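Here is the structure we will look at.
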Amino acid sequence: MLWTWDALRVATDGTGAVPFDADGVSIDSRTVQPGDLFVALQGDTDGHAHVAAALARGAAGAMVHRMDGLPENAPLLLVPDTLDGLHALGRGGRDRFQGRVVAVTGSVGKTTTKEMLRAALAPFGTVHAAEASYNNHWGVPLTLARLPPGAAFCVAEIGMNHPGEIAPLARMARPDVAVITTIAAAHIGHLGSLDAIADEKAAILQGLIPGGVAVLPGDSPFLTRMAADAPGRVVTFGQGDTNDARLLPLSPRKRPGVSATNGTGLDPAIAHTQPSSGGKGLHAVILGTPVAFDLIAPGQHMATNAVAALAACAALGLDPVQAAAALSHFAPIAGRGLQRRVGEILLLDESYNASSASIRAALHVLADLPGRRVAVLGDMLELGAFGPGEHEDLAPDVTSCADLLYSCGPLMRRLYDRVPSGHRGAHAADSAALAPLVAAAVLPGDAVLVKGSLGSRMQRVVAALEAPSPPGWSPGNVR
Ligand SMILES: Nc1ncnc2c1ncn2[C@@H]1O[C@H](COP(=O)(O)OP(=O)(O)OP(=O)(O)O)[C@@H](O)[C@H]1O
Ligand SMILES: [Mg+2]
């Protein structure tokens with residue numbers, strides 16, 4: 001039993017006439033499971049309107065801050081405010097937890113590193129990790145409220161859009177180890193500068209328990225600034241020689257087929273495009289211990305995230321060799337670097353989100369893929385005044401890593417205009433207009449990267465590439 005009635009009342013100071021126990025916690029009546037406590041949050045929609053539906057789906061009871069319209073004999077936990085109630089439950093879940101907590105923040109790579117920790121910690125005990133990207137004022141308390149008291153480890157993801165959001169969530173999670181993955185210009189429009197982003201991310205260190213360890217990106221220009229906020233031990237990770245956890249140089253990969261194109265951009269030697277084999281044969285030194293590991297996801301950024309996860313395991317006193325071996329169970333996440341064959345092209349689907357750091361990382365993965373390399377990019381949002389420059393500065397990366405650029409949105413227009421004319425595929429106002437152009441232009445054997453902020457809706461391009469070809473369609477033939 002996750003929450004007994006008594007534990008629910010004590011944690012939230014709530015009251016109710018019909019006691020119930022809960023096996024789980026949910027904030028969405030559509031996905032509530034039998035036995036769950038349904039928390040009626042007041043967001044864009046009012047969860048109170050969905051209490052009856054949640055109970056009908058089998059919820060054990062509901063946390064509410066209003067009773068009107070609800071049957072008196074329903075299993076309800078009445079609190080002054082349901083969001084505060086959820087936070088109280090998060091704190092309660094953390095307070096009673098005897099295992100170890102790792103919290104992950106950073107500009108990019110939080111979910112990836114969290115999922116790598118889920119895999120790497122598994123050999124040492126039961127792991128409870130945040131679902132998806134649950135990293136905000138409801139995601140973090142929900143992760144902690146769902147934490148089984150008997151688990152050995154909890155991995156929380158902590159994110160932010162605005163200043164001041166991280167510290168209270170970090171104090172709620174009270175991590176034994178806090179990881180900062182990267183500092184880069186994501187959401188910079190709300191923060192104003194990279195210094196401000198570094199300070200905001202470093203606020204996670206305020207939540208560390210006494211004796212807790214900060215795991216920080218050692219190659220970052222903001223290392224010293226962030227380390228100054230660490231209350232105790234600092235463990236650095238990265239590629240530089242001085243890092244406590246160090247990724248050893250990757251052996252250079254040869255791009256098959258770049259030299260032997262036949263004028264169509266298609267290498268006759270490539271009968272079928274294959275997903276890249278990922279990061280095979282990686283080596284690192286983790287706090288003095290040499291480790292070897294394989295990752296299903298390719299790219300230096302993925303390998304570096306893995307080293308951060310291993311550094312966190314070692315900071316908990318766990319054997320990095322065992323942790324590294326378990327990384328082979330890490331599975332890349334849809335929309336974040338998953339490669340798949342679609343017809344005769346290799347699709348690198350990164351349509352879930354974008355910042356300049358993650359676009360660069362994805363372009364470098366594209367650079368290593370066989371065949372003609374097509375980058376399809378949509379606007380990066382939430383960059384404020386930094387938007388134009390952040391887009392324009394990608395020109396050298398696009399030029400060196402891709403053969404063709406297709407783009408959409410007013411900000412990407414600035415990038416499109418900066419790349420050499422031979423690299424320009426097409427530019428369109430939005431992804432709806434761009435999708436058919438890309439679908440008509442791709443050739444068998446192409447490697448196609450699709451990336452942009454979620455709001456740029458690059459999923460439309462993915463959908464167009466996945467759609468069966470219309471009758472009479474021939475690859476590469478724009479009509
Ligand atoms: N260390 C890294 N450096 C650059 N890009 C990265 C790094 N790690 C992951 N990425 C890329 O960044 C994107 C987002 O990854 P991920 O979902 O792990 O980040 P996140 O910080 O959880 O994002 P969100 O803020 O949306 O929750 C993906 O395209 C991924 O491939
Ligand atoms: Mg995330």
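Each chain in the structure tokens gets a letter, A, B and so on, in the order shown; residues start at 1 in every chain, and ligands are counted from 1 in the order they appear.
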Exercise. Please give me, as JSON, numbers by chain, the residues lying within 7 Å of ligand 1 when counting only C-alpha atoms and all ligand atoms.
Key: {"A": [106, 107, 108, 109, 110, 111, 112, 113, 133, 135, 159, 181, 182, 301, 302, 304, 305, 336, 337, 350, 353, 354, 357, 358, 359, 361, 362]}
Write a file of the selected residues as an mmCIF file, in the first residue's frame, keeping N, CA, C and O atoms.
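Result went into result.cif, see below:
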```cif
data_model
loop_
_atom_site.group_PDB
_atom_site.id
_atom_site.type_symbol
_atom_site.label_atom_id
_atom_site.label_comp_id
_atom_site.auth_asym_id
_atom_site.auth_seq_id
_atom_site.Cartn_x
_atom_site.Cartn_y
_atom_site.Cartn_z
ATOM 1 N N GLY A 106 19.537 20.640 -15.626
ATOM 2 C CA GLY A 106 20.445 21.008 -16.715
ATOM 3 C C GLY A 106 19.634 21.567 -17.872
ATOM 4 O O GLY A 106 18.423 21.417 -17.918
ATOM 5 N N SER A 107 20.329 22.231 -18.804
ATOM 6 C CA SER A 107 19.619 22.858 -19.929
ATOM 7 C C SER A 107 19.132 21.818 -20.917
ATOM 8 O O SER A 107 18.049 21.954 -21.483
ATOM 9 N N VAL A 108 19.923 20.801 -21.180
ATOM 10 C CA VAL A 108 19.501 19.671 -22.020
ATOM 11 C C VAL A 108 20.023 18.388 -21.390
ATOM 12 O O VAL A 108 20.971 18.411 -20.609
ATOM 13 N N GLY A 109 19.380 17.288 -21.731
ATOM 14 C CA GLY A 109 19.883 15.989 -21.290
ATOM 15 C C GLY A 109 19.345 15.503 -19.961
ATOM 16 O O GLY A 109 19.788 14.471 -19.460
ATOM 17 N N LYS A 110 18.355 16.194 -19.378
ATOM 18 C CA LYS A 110 17.831 15.756 -18.075
ATOM 19 C C LYS A 110 17.143 14.394 -18.187
ATOM 20 O O LYS A 110 17.457 13.462 -17.444
ATOM 21 N N THR A 111 16.180 14.306 -19.106
ATOM 22 C CA THR A 111 15.423 13.050 -19.214
ATOM 23 C C THR A 111 16.336 11.912 -19.650
ATOM 24 O O THR A 111 16.248 10.795 -19.124
ATOM 25 N N THR A 112 17.233 12.199 -20.588
ATOM 26 C CA THR A 112 18.161 11.166 -21.045
ATOM 27 C C THR A 112 19.004 10.657 -19.879
ATOM 28 O O THR A 112 19.141 9.447 -19.672
ATOM 29 N N THR A 113 19.555 11.566 -19.099
ATOM 30 C CA THR A 113 20.405 11.170 -17.974
ATOM 31 C C THR A 113 19.584 10.452 -16.905
ATOM 32 O O THR A 113 20.035 9.464 -16.309
ATOM 33 N N SER A 133 9.022 13.496 -18.802
ATOM 34 C CA SER A 133 9.792 14.684 -18.387
ATOM 35 C C SER A 133 9.105 15.365 -17.211
ATOM 36 O O SER A 133 9.046 16.578 -17.148
ATOM 37 N N ASN A 135 9.008 17.222 -14.550
ATOM 38 C CA ASN A 135 10.082 17.950 -13.860
ATOM 39 C C ASN A 135 9.670 19.294 -13.285
ATOM 40 O O ASN A 135 10.509 20.067 -12.843
ATOM 41 N N GLY A 159 13.225 20.673 -13.624
ATOM 42 C CA GLY A 159 13.402 21.611 -14.730
ATOM 43 C C GLY A 159 12.901 22.988 -14.357
ATOM 44 O O GLY A 159 12.442 23.229 -13.240
ATOM 45 N N THR A 181 23.485 18.577 -15.829
ATOM 46 C CA THR A 181 24.002 17.969 -17.064
ATOM 47 C C THR A 181 24.783 18.962 -17.912
ATOM 48 O O THR A 181 25.909 18.686 -18.324
ATOM 49 N N THR A 182 24.181 20.097 -18.216
ATOM 50 C CA THR A 182 24.769 21.083 -19.135
ATOM 51 C C THR A 182 24.221 22.462 -18.810
ATOM 52 O O THR A 182 23.127 22.580 -18.253
ATOM 53 N N HIS A 301 27.342 13.491 -27.058
ATOM 54 C CA HIS A 301 26.510 14.053 -25.983
ATOM 55 C C HIS A 301 25.861 12.935 -25.168
ATOM 56 O O HIS A 301 25.729 13.048 -23.960
ATOM 57 N N MET A 302 25.483 11.850 -25.849
ATOM 58 C CA MET A 302 24.878 10.725 -25.133
ATOM 59 C C MET A 302 25.933 10.056 -24.246
ATOM 60 O O MET A 302 25.652 9.687 -23.095
ATOM 61 N N THR A 304 28.488 11.443 -22.973
ATOM 62 C CA THR A 304 28.796 12.338 -21.843
ATOM 63 C C THR A 304 27.693 12.268 -20.786
ATOM 64 O O THR A 304 27.966 12.258 -19.583
ATOM 65 N N ASN A 305 26.444 12.196 -21.229
ATOM 66 C CA ASN A 305 25.353 12.005 -20.263
ATOM 67 C C ASN A 305 25.572 10.719 -19.461
ATOM 68 O O ASN A 305 25.327 10.670 -18.247
ATOM 69 N N ARG A 336 13.570 11.925 -29.261
ATOM 70 C CA ARG A 336 14.842 12.421 -28.730
ATOM 71 C C ARG A 336 15.971 11.516 -29.187
ATOM 72 O O ARG A 336 16.591 10.821 -28.395
ATOM 73 N N GLY A 337 16.201 11.489 -30.487
ATOM 74 C CA GLY A 337 17.371 10.787 -30.971
ATOM 75 C C GLY A 337 17.115 9.352 -31.393
ATOM 76 O O GLY A 337 18.049 8.637 -31.731
ATOM 77 N N GLU A 350 13.964 13.926 -33.989
ATOM 78 C CA GLU A 350 14.271 14.784 -32.839
ATOM 79 C C GLU A 350 13.203 15.860 -32.757
ATOM 80 O O GLU A 350 13.487 16.986 -32.370
ATOM 81 N N ASN A 353 11.908 18.412 -29.165
ATOM 82 C CA ASN A 353 12.280 19.759 -28.728
ATOM 83 C C ASN A 353 13.620 20.169 -29.322
ATOM 84 O O ASN A 353 14.272 19.368 -29.996
ATOM 85 N N ALA A 354 14.003 21.420 -29.115
ATOM 86 C CA ALA A 354 15.273 21.870 -29.694
ATOM 87 C C ALA A 354 15.831 23.062 -28.943
ATOM 88 O O ALA A 354 15.101 23.951 -28.510
ATOM 89 N N ALA A 357 22.147 23.780 -28.404
ATOM 90 C CA ALA A 357 23.042 22.692 -27.955
ATOM 91 C C ALA A 357 22.563 21.348 -28.490
ATOM 92 O O ALA A 357 23.366 20.540 -28.975
ATOM 93 N N SER A 358 21.257 21.110 -28.417
ATOM 94 C CA SER A 358 20.785 19.793 -28.861
ATOM 95 C C SER A 358 20.753 19.703 -30.380
ATOM 96 O O SER A 358 20.937 18.621 -30.941
ATOM 97 N N ILE A 359 20.552 20.829 -31.073
ATOM 98 C CA ILE A 359 20.631 20.776 -32.546
ATOM 99 C C ILE A 359 22.066 20.463 -32.966
ATOM 100 O O ILE A 359 22.305 19.618 -33.836
ATOM 101 N N ALA A 361 24.305 18.847 -31.276
ATOM 102 C CA ALA A 361 24.575 17.440 -30.947
ATOM 103 C C ALA A 361 23.958 16.528 -31.998
ATOM 104 O O ALA A 361 24.592 15.583 -32.478
ATOM 105 N N ALA A 362 22.722 16.829 -32.404
ATOM 106 C CA ALA A 362 22.036 15.982 -33.388
ATOM 107 C C ALA A 362 22.700 16.099 -34.761
ATOM 108 O O ALA A 362 22.814 15.111 -35.491
#
```
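Excluding Thr289 of chain A and any residue on its chain fewer than 5 positions from it, the residues at most 9 Å away by only C-alpha atoms are A:Ala245, A:Ala284, A:Asp319, A:Pro320, A:Val321.
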Keeping only N, CA and C atoms, write those residues as a PDB file, in the first residue's frame.
```pdb
ATOM      1  N   ALA A 245      35.218  12.136 -13.430  1.00  0.00           N
ATOM      2  CA  ALA A 245      34.630  11.080 -14.276  1.00  0.00           C
ATOM      3  C   ALA A 245      34.859  11.527 -15.719  1.00  0.00           C
ATOM      4  N   ALA A 284      35.560   4.944 -20.186  1.00  0.00           N
ATOM      5  CA  ALA A 284      35.594   6.099 -19.284  1.00  0.00           C
ATOM      6  C   ALA A 284      36.380   5.709 -18.040  1.00  0.00           C
ATOM      7  N   ASP A 319      29.427   0.509  -7.405  1.00  0.00           N
ATOM      8  CA  ASP A 319      30.499   0.057  -8.291  1.00  0.00           C
ATOM      9  C   ASP A 319      30.242   0.546  -9.724  1.00  0.00           C
ATOM     10  N   PRO A 320      31.103   1.412 -10.254  1.00  0.00           N
ATOM     11  CA  PRO A 320      30.842   1.952 -11.594  1.00  0.00           C
ATOM     12  C   PRO A 320      30.942   0.904 -12.702  1.00  0.00           C
ATOM     13  N   VAL A 321      31.671  -0.180 -12.447  1.00  0.00           N
ATOM     14  CA  VAL A 321      31.793  -1.221 -13.483  1.00  0.00           C
ATOM     15  C   VAL A 321      30.427  -1.891 -13.694  1.00  0.00           C
TER      16      VAL A 321
END
```
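Minimum distance to Leu347 of chain A across A:Pro71, A:Gly445, A:Gly281, A:Gly384 (counting only C-alpha atoms) occurs at A:Gly445.
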Quiz prompt | Phe38 of chain A environment, 6 Å, only C-alpha atoms, sequence neighbours closer than 4 positions dropped, as a PyMOL selection string | solution = chain A and resi 26-27+62
Self-check item: Residue list (alpha helix (DSSP H), DSSP) for segment 69-236 of chain A, as JSON, numbers by chain
Solution: {"A": [82, 83, 84, 85, 86, 87, 88, 89, 90, 91, 92, 93, 94, 95, 110, 111, 112, 113, 114, 115, 116, 117, 118, 119, 120, 121, 139, 140, 141, 142, 143, 144, 145, 166, 167, 168, 169, 170, 171, 172, 173, 188, 189, 190, 191, 194, 195, 196, 197, 198, 199, 200, 201, 202, 223, 224, 225, 226, 227]}
